[in-house]
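Listing of entry.tsv, TSV, C-alpha atoms and all ligand atoms
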```
chain	number	residue	atom	x	y	z
A	113	MET	CA	39.30	-15.49	-116.28
A	114	LEU	CA	35.77	-16.59	-117.12
A	115	GLU	CA	33.05	-15.20	-114.88
A	116	LEU	CA	30.84	-18.11	-113.82
A	117	ARG	CA	27.45	-16.41	-113.51
A	118	PRO	CA	24.92	-18.04	-111.22
A	119	ASN	CA	21.71	-17.96	-113.25
A	120	CYS	CA	20.07	-17.95	-116.66
A	121	GLU	CA	19.70	-14.29	-117.61
A	122	LEU	CA	16.30	-15.01	-119.17
A	123	CYS	CA	14.38	-17.60	-117.10
A	124	ASP	CA	16.47	-17.08	-113.95
A	125	ARG	CA	17.02	-20.76	-113.23
A	126	ASP	CA	20.10	-21.55	-111.20
A	127	LEU	CA	23.21	-22.49	-113.17
A	128	PRO	CA	25.77	-23.60	-110.60
A	129	PRO	CA	29.40	-23.85	-111.72
A	130	ASP	CA	29.10	-27.60	-112.33
A	131	SER	CA	25.95	-27.29	-114.45
A	132	ALA	CA	26.01	-29.03	-117.83
A	133	GLU	CA	23.09	-26.79	-118.90
A	134	ALA	CA	24.94	-23.45	-118.87
A	135	ARG	CA	25.66	-21.75	-122.19
A	136	ILE	CA	27.78	-18.64	-122.76
A	137	CYS	CA	28.53	-16.21	-125.57
A	138	SER	CA	31.97	-14.71	-126.10
A	139	TYR	CA	31.09	-11.92	-123.64
A	140	GLU	CA	30.06	-14.45	-120.97
A	141	CYS	CA	26.35	-13.68	-121.27
A	142	THR	CA	24.89	-16.78	-119.64
A	143	TYR	CA	21.70	-18.69	-120.42
A	144	CYS	CA	20.37	-22.19	-119.93
A	145	ALA	CA	20.36	-24.67	-122.81
A	146	ASP	CA	16.54	-24.59	-122.98
A	147	CYS	CA	16.39	-20.83	-123.47
A	148	VAL	CA	19.22	-20.90	-126.03
A	149	GLU	CA	17.49	-23.57	-128.09
A	150	THR	CA	13.81	-22.62	-127.85
A	151	ILE	CA	13.76	-18.84	-127.32
A	152	LEU	CA	17.09	-17.33	-128.37
A	153	HIS	CA	17.73	-19.74	-131.28
A	154	ASN	CA	21.45	-19.48	-130.64
A	155	VAL	CA	21.54	-15.67	-130.92
A	156	CYS	CA	22.79	-13.75	-127.89
A	157	PRO	CA	20.23	-11.01	-127.08
A	158	ALA	CA	23.01	-8.53	-126.42
A	159	CYS	CA	25.81	-9.15	-128.95
A	160	GLY	CA	24.15	-11.40	-131.55
A	161	GLY	CA	26.84	-14.06	-131.25
A	162	THR	CA	26.44	-17.79	-130.78
A	163	PHE	CA	26.61	-19.85	-127.60
A	164	VAL	CA	28.79	-22.72	-126.46
A	165	PRO	CA	28.59	-24.97	-123.40
A	166	ARG	CA	30.25	-23.29	-120.44
A	167	PRO	CA	33.35	-25.16	-119.30
A	168	ILE	CA	33.12	-26.65	-115.82
A	169	ARG	CA	35.84	-25.29	-113.55
A	170	PRO	CA	37.44	-28.09	-111.52
A	171	ARG	CA	36.66	-28.25	-107.81
A	172	HIS	CA	40.16	-29.44	-106.93
A	173	ALA	CA	43.55	-27.86	-107.36
A	174	TRP	CA	45.17	-30.66	-109.36
A	175	ARG	CA	48.66	-29.18	-109.77
A	176	ALA	CA	50.90	-28.76	-106.79
A	177	GLY	CA	51.77	-25.12	-106.32
A	178	LYS	CA	49.12	-23.90	-108.74
A	179	MET	CA	46.24	-22.07	-107.12
A	180	LEU	CA	43.61	-23.11	-109.65
A	181	GLY	CA	40.07	-24.40	-109.32
A	182	LEU	CA	36.82	-23.31	-107.75
A	183	ARG	CA	38.28	-23.02	-104.28
A	184	TYR	CA	40.58	-20.24	-105.45
A	185	HIS	CA	38.35	-18.76	-108.12
A	186	PRO	CA	34.76	-19.28	-107.01
A	187	ALA	CA	31.68	-18.68	-109.12
A	188	SER	CA	30.06	-15.25	-109.17
A	189	THR	CA	27.02	-14.72	-106.93
A	190	THR	CA	25.72	-11.66	-108.80
A	191	ARG	CA	22.50	-12.64	-110.56
A	192	ARG	CA	21.98	-11.01	-113.95
A	193	HIS	CA	18.85	-10.39	-115.95
A	194	SER	CA	18.50	-9.59	-119.62
A	195	PRO	CA	17.21	-6.01	-120.08
A	196	PHE	CA	15.42	-6.90	-123.33
A	197	SER	CA	11.71	-7.60	-123.71
A	198	ALA	CA	10.44	-10.87	-125.20
A	199	GLU	CA	9.47	-8.98	-128.36
A	200	GLU	CA	12.89	-7.36	-128.69
A	201	ILE	CA	14.56	-10.73	-128.26
A	202	ALA	CA	12.35	-12.36	-130.89
A	203	ASP	CA	12.98	-9.58	-133.44
A	204	HIS	CA	16.72	-9.60	-132.80
A	205	SER	CA	16.93	-13.37	-133.11
A	206	ALA	CA	14.83	-13.47	-136.31
A	207	ARG	CA	17.18	-10.98	-137.98
A	208	ILE	CA	20.36	-12.89	-137.12
A	209	ARG	CA	19.63	-16.56	-136.49
A	210	ASP	CA	20.09	-17.78	-140.08
A	211	LEU	CA	23.53	-16.21	-140.45
A	212	PRO	CA	26.42	-18.59	-139.74
A	213	PRO	CA	28.57	-17.54	-136.76
A	214	ASP	CA	31.47	-16.39	-138.94
A	215	GLN	CA	29.22	-14.03	-140.89
A	216	ARG	CA	27.54	-12.27	-137.98
B	1	ZN	ZN	16.83	-20.11	-119.18
B	2	ZN	ZN	26.64	-11.89	-126.08
```

Before we go any further, please render this structure as structure tokens.
Ligand SMILES: [Zn+2]
Ligand SMILES: [Zn+2]
Amino acid sequence: MLELRPNCELCDRDLPPDSAEARICSYECTYCADCVETILHNVCPACGGTFVPRPIRPRHAWRAGKMLGLRYHPASTTRRHSPFSAEEIADHSARIRDLPPDQR
């Protein structure tokens, strides 16, 4: 199950589970759309992969008998912060950003 992290790991802005601004890599590293576009250039600082919009988990359990939705699987409250410096992020992104996702 996807871990819905509560903040951008770079600028620390809140990214609640219903945010349309949250972006994730395949390892669930979580950033806001602004940071992904203007600072990371669609390169995850940790794994080098691309980002996609984070799916919004429904608030309601829509299927009878199925315990699905935010009420049963709430968002994480553990705030995370990228361990990389701005310079490390810029170097890492510059090396990788021009490679298409399937060639990284
Ligand atoms: Zn951000
Ligand atoms: Zn990643």

Item to check | A:Pro129, A:Leu182, A:Arg216, A:Leu211 ranked by distance to ligand ZN 2 (chain B), top pick (using only C-alpha atoms and all ligand atoms) | outcome: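 Of A:Pro129, A:Leu182, A:Arg216, A:Leu211, the one nearest ligand ZN 2 (chain B) is A:Arg216, counting only C-alpha atoms and all ligand atoms.
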
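Within a radius of 6 Å around (15.1, -18.8, -138.9), the polymer residues are Ala206, Arg209 and Asp210 of chain A, counting all atoms listed in the file.
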
Next on the checklist: I need the residue nearest Val164 (chain A) from this list: A:Leu152, A:Ala176, A:Ile136, A:Ala145. Use only C-alpha atoms for the distance.
Outcome noted: A:Ile136

How close does chain A get to ligand ZN 1 (chain B)? List, as JSON lines, each residue of chain A within 12 Å, its nearest atom pair and the distance in Å to one decimal, counting all atoms listed in the file.
```
{"residue": "A:Pro118", "atom": "CA", "partner": "B:ZN1", "partner_atom": "ZN", "distance": 11.5}
{"residue": "A:Asn119", "atom": "CA", "partner": "B:ZN1", "partner_atom": "ZN", "distance": 8.0}
{"residue": "A:Cys120", "atom": "CA", "partner": "B:ZN1", "partner_atom": "ZN", "distance": 4.6}
{"residue": "A:Glu121", "atom": "CA", "partner": "B:ZN1", "partner_atom": "ZN", "distance": 6.7}
{"residue": "A:Leu122", "atom": "CA", "partner": "B:ZN1", "partner_atom": "ZN", "distance": 5.1}
{"residue": "A:Cys123", "atom": "CA", "partner": "B:ZN1", "partner_atom": "ZN", "distance": 4.1}
{"residue": "A:Asp124", "atom": "CA", "partner": "B:ZN1", "partner_atom": "ZN", "distance": 6.1}
{"residue": "A:Arg125", "atom": "CA", "partner": "B:ZN1", "partner_atom": "ZN", "distance": 6.0}
{"residue": "A:Asp126", "atom": "CA", "partner": "B:ZN1", "partner_atom": "ZN", "distance": 8.7}
{"residue": "A:Leu127", "atom": "CA", "partner": "B:ZN1", "partner_atom": "ZN", "distance": 9.1}
{"residue": "A:Glu133", "atom": "CA", "partner": "B:ZN1", "partner_atom": "ZN", "distance": 9.2}
{"residue": "A:Ala134", "atom": "CA", "partner": "B:ZN1", "partner_atom": "ZN", "distance": 8.8}
{"residue": "A:Arg135", "atom": "CA", "partner": "B:ZN1", "partner_atom": "ZN", "distance": 9.5}
{"residue": "A:Ile136", "atom": "CA", "partner": "B:ZN1", "partner_atom": "ZN", "distance": 11.6}
{"residue": "A:Cys141", "atom": "CA", "partner": "B:ZN1", "partner_atom": "ZN", "distance": 11.7}
{"residue": "A:Thr142", "atom": "CA", "partner": "B:ZN1", "partner_atom": "ZN", "distance": 8.7}
{"residue": "A:Tyr143", "atom": "CA", "partner": "B:ZN1", "partner_atom": "ZN", "distance": 5.2}
{"residue": "A:Cys144", "atom": "CA", "partner": "B:ZN1", "partner_atom": "ZN", "distance": 4.2}
{"residue": "A:Ala145", "atom": "CA", "partner": "B:ZN1", "partner_atom": "ZN", "distance": 6.8}
{"residue": "A:Asp146", "atom": "CA", "partner": "B:ZN1", "partner_atom": "ZN", "distance": 5.9}
{"residue": "A:Cys147", "atom": "CA", "partner": "B:ZN1", "partner_atom": "ZN", "distance": 4.4}
{"residue": "A:Val148", "atom": "CA", "partner": "B:ZN1", "partner_atom": "ZN", "distance": 7.3}
{"residue": "A:Glu149", "atom": "CA", "partner": "B:ZN1", "partner_atom": "ZN", "distance": 9.6}
{"residue": "A:Thr150", "atom": "CA", "partner": "B:ZN1", "partner_atom": "ZN", "distance": 9.5}
{"residue": "A:Ile151", "atom": "CA", "partner": "B:ZN1", "partner_atom": "ZN", "distance": 8.8}
{"residue": "A:Leu152", "atom": "CA", "partner": "B:ZN1", "partner_atom": "ZN", "distance": 9.6}
{"residue": "A:Arg192", "atom": "CA", "partner": "B:ZN1", "partner_atom": "ZN", "distance": 11.7}
{"residue": "A:His193", "atom": "CA", "partner": "B:ZN1", "partner_atom": "ZN", "distance": 10.4}
{"residue": "A:Ser194", "atom": "CA", "partner": "B:ZN1", "partner_atom": "ZN", "distance": 10.7}
```

Next on the checklist: Just checking: using all atoms listed in the file, which residue out of A:His153, A:Arg169, A:Asp130, A:Gly161 ends up closest to Gly181 (chain A)?
Outcome noted: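 Going through A:His153, A:Arg169, A:Asp130, A:Gly161 one by one, the smallest distance to Gly181 (chain A) is for A:Arg169.
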
Checklist entry - Could you list, as number ranges by chain, all the residues within 6 Å of ligand ZN 2 (chain B), counting only C-alpha atoms and all ligand atoms? => result A: 137, 139, 141, 156, 158-159, 161

Item to check | Distance in Å - CA of Asp203 (chain A) versus CA of Thr190 (chain A) | outcome: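 Computing it gives 27.8 Å between the two atoms.
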
Checklist entry - What gap, in Å, lies between CA of Glu200 (chain A) and CA of Asn154 (chain A)? => result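 These two atoms are separated by 15.0 Å.
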
Next on the checklist: For a test of reading the model, state the distance in Å between CA of Thr162 (chain A) and CA of Pro212 (chain A), rounded to one decimal.
Outcome noted: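 Rounded to one decimal, the two atoms are 9.0 Å apart.
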
Item to check | For Leu180 (chain A), the nearest of the candidates A:Pro128, A:Pro165, A:Met113, A:Ile208, counting only C-alpha atoms | outcome: A:Met113

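The closest residue to Phe163 (chain A), picked from A:Ser197, A:His185, A:Arg207, A:Glu140 and counting only C-alpha atoms, is A:Glu140.
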
Next on the checklist: I'd like the contact shell of Ser188 (chain A) - 8 Å cut-off, all atoms listed in the file, skipping same-chain residues fewer than 3 positions apart - returned as a PyMOL selection string.
Outcome noted: chain A and resi 115-118
